[in-house]
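Peer 1: Structure supplied as entry.json; contents: JSON, C-alpha atoms.
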```
[["chain", "number", "residue", "atom", "x", "y", "z"],
["Z", 1, "MET", "CA", 75.69, 65.97, -1.45],
["Z", 2, "ARG", "CA", 77.92, 68.14, 0.71],
["Z", 3, "VAL", "CA", 77.49, 65.80, 3.68],
["Z", 4, "VAL", "CA", 78.84, 62.92, 1.59],
["Z", 5, "ILE", "CA", 81.75, 65.10, 0.48],
["Z", 6, "ALA", "CA", 82.51, 65.98, 4.09],
["Z", 7, "LEU", "CA", 82.37, 62.33, 5.14],
["Z", 8, "CYS", "CA", 84.79, 61.38, 2.36],
["Z", 9, "LEU", "CA", 87.25, 63.98, 3.58],
["Z", 10, "VAL", "CA", 86.84, 63.39, 7.33],
["Z", 11, "ALA", "CA", 86.96, 59.57, 7.32],
["Z", 12, "PRO", "CA", 90.77, 59.29, 6.86],
["Z", 13, "PHE", "CA", 91.41, 61.74, 9.69],
["Z", 14, "VAL", "CA", 89.17, 59.83, 12.07],
["Z", 15, "ALA", "CA", 90.74, 56.52, 11.07],
["Z", 16, "MET", "CA", 94.28, 57.79, 11.65],
["Z", 17, "LEU", "CA", 93.55, 59.69, 14.86],
["Z", 18, "TRP", "CA", 91.95, 56.61, 16.48],
["Z", 19, "VAL", "CA", 95.33, 55.00, 17.14],
["Z", 20, "GLY", "CA", 93.96, 52.42, 19.57],
["Z", 21, "SER", "CA", 92.17, 50.70, 16.70],
["Z", 22, "TYR", "CA", 95.37, 49.83, 14.86],
["Z", 23, "ALA", "CA", 98.15, 49.92, 17.47],
["Z", 24, "LYS", "CA", 98.95, 46.22, 17.25],
["Z", 25, "VAL", "CA", 101.30, 43.87, 15.45],
["Z", 26, "ASP", "CA", 98.90, 41.15, 14.26],
["Z", 27, "PRO", "CA", 97.71, 40.42, 11.63],
["Z", 28, "THR", "CA", 100.87, 40.78, 9.61],
["Z", 29, "PHE", "CA", 100.78, 41.14, 5.83],
["Z", 30, "ILE", "CA", 103.81, 39.71, 3.99],
["Z", 31, "GLY", "CA", 105.80, 40.16, 7.17],
["Z", 32, "ILE", "CA", 104.72, 43.79, 7.75],
["Z", 33, "PRO", "CA", 103.06, 44.48, 11.11],
["Z", 34, "PHE", "CA", 99.44, 45.63, 11.05],
["Z", 35, "PHE", "CA", 100.37, 49.07, 12.43],
["Z", 36, "TYR", "CA", 102.34, 49.90, 9.29],
["Z", 37, "TRP", "CA", 100.30, 48.30, 6.53],
["Z", 38, "TYR", "CA", 97.05, 49.72, 7.93],
["Z", 39, "GLN", "CA", 98.46, 53.24, 7.65],
["Z", 40, "MET", "CA", 99.77, 52.63, 4.13],
["Z", 41, "LEU", "CA", 96.40, 51.22, 3.10],
["Z", 42, "TRP", "CA", 94.79, 54.46, 4.30],
["Z", 43, "VAL", "CA", 97.08, 56.42, 1.98],
["Z", 44, "LEU", "CA", 95.43, 54.66, -0.96],
["Z", 45, "VAL", "CA", 91.93, 54.85, 0.54],
["Z", 46, "SER", "CA", 92.40, 58.56, 1.29],
["Z", 47, "THR", "CA", 93.43, 59.19, -2.30],
["Z", 48, "ALA", "CA", 90.34, 57.43, -3.60],
["Z", 49, "LEU", "CA", 88.03, 59.24, -1.17],
["Z", 50, "THR", "CA", 89.56, 62.60, -2.08],
["Z", 51, "MET", "CA", 88.99, 61.89, -5.77],
["Z", 52, "VAL", "CA", 85.37, 60.94, -5.07],
["Z", 53, "ALA", "CA", 84.88, 64.11, -3.02],
["Z", 54, "TYR", "CA", 86.35, 66.23, -5.81],
["Z", 55, "LYS", "CA", 84.11, 64.68, -8.46],
["Z", 56, "LEU", "CA", 81.06, 65.13, -6.24],
["Z", 57, "TRP", "CA", 82.07, 68.74, -5.60],
["Z", 58, "GLN", "CA", 82.36, 69.38, -9.34],
["Z", 59, "ARG", "CA", 78.94, 67.83, -9.93],
["Z", 60, "ASP", "CA", 77.46, 69.94, -7.12],
["Z", 61, "GLN", "CA", 78.96, 73.13, -8.52],
["Z", 62, "ARG", "CA", 77.67, 72.38, -12.03],
["Z", 63, "SER", "CA", 74.17, 71.77, -10.72],
["Z", 64, "ARG", "CA", 74.24, 75.02, -8.76],
["Z", 65, "LYS", "CA", 75.27, 76.95, -11.90],
["Z", 66, "GLY", "CA", 72.40, 75.50, -13.87],
["Z", 67, "GLY", "CA", 74.30, 72.75, -15.66],
["Z", 68, "ALA", "CA", 76.93, 74.94, -17.34],
["Z", 69, "SER", "CA", 80.28, 73.18, -17.44],
["Z", 70, "ALA", "CA", 83.26, 75.01, -15.97]]
```
Is it possible to express this structure as structure tokens?
Peer 2:
Amino acid sequence: MRVVIALCLVAPFVAMLWVGSYAKVDPTFIGIPFFYWYQMLWVLVSTALTMVAYKLWQRDQRSRKGGASA
């Protein structure tokens, strides 16, 4: 469970630090170069992954406490 949580939190950092993968103009999306819309897409993806990691963390903590809700 904690490995999945870590992957959810690390994936956006790896994607943004690997600049060579998105340092290009094409394909454009409604006139916006790939470099920009790729980064903005990762803002949304990062939000979703952080929410998933948080929910998984809550589930993990509940199971470690014997099922008692916090």
Peer 1: One decimal, Å: what's the distance from CA of Leu44 in chain Z over to CA of Phe13 in chain Z, could you say?
Peer 2: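 Distance reported for this atom pair: 13.4 Å.
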Peer 1: Return the single residue from Z:Arg59, Z:Tyr54, Z:Pro33, Z:Thr47 that is closest to Ala6 in chain Z, with distances computed using all atoms listed in the file.
Peer 2: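 Counting all atoms listed in the file, the residue closest to Ala6 in chain Z is Z:Tyr54.
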Peer 1: Give me, please, the distance in Å between CA of Lys65 in chain Z and CA of Ala11 in chain Z, quoted to one decimal.
Peer 2: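 Rounded to one decimal, the two atoms are 28.4 Å apart.
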Peer 1: So which one's closest to Thr50 in chain Z, Z:Val3, Z:Ile32, Z:Ala23, Z:Cys8? Using only C-alpha atoms, please.
Peer 2: Z:Cys8
Peer 1: Do you know which residues are at most 12 Å from Trp37 in chain Z counting all atoms listed in the file, after dropping those on the same chain fewer than 4 positions away, and could you put them as a list in words?
Peer 2: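 That gives Tyr22, Ala23, Lys24, Val25, Asp26, Pro27, Thr28, Phe29, Ile30, Gly31, Ile32, Pro33, Leu41, Trp42, Val43 and Leu44 of chain Z.
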Peer 1: Need the shell around Trp57 in chain Z: protein/DNA/RNA residues with any atom at most 12 Å away, counting only C-alpha atoms. Skip same-chain ones fewer than 2 positions apart. Format as a count of residues only?
Peer 2: 20
Peer 1: If I take CA of Gln39 in chain Z and CA of Val10 in chain Z, how far is one from the other in Å, to one decimal?
Peer 2: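 One can read the CA of Gln39 in chain Z to CA of Val10 in chain Z distance as 15.4 Å.
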Peer 1: Here is a test: counting all atoms listed in the file, which residue of Z:Gly66, Z:Leu49, Z:Phe35, Z:Gly20 is nearest to Leu7 in chain Z?
Peer 2: Z:Leu49
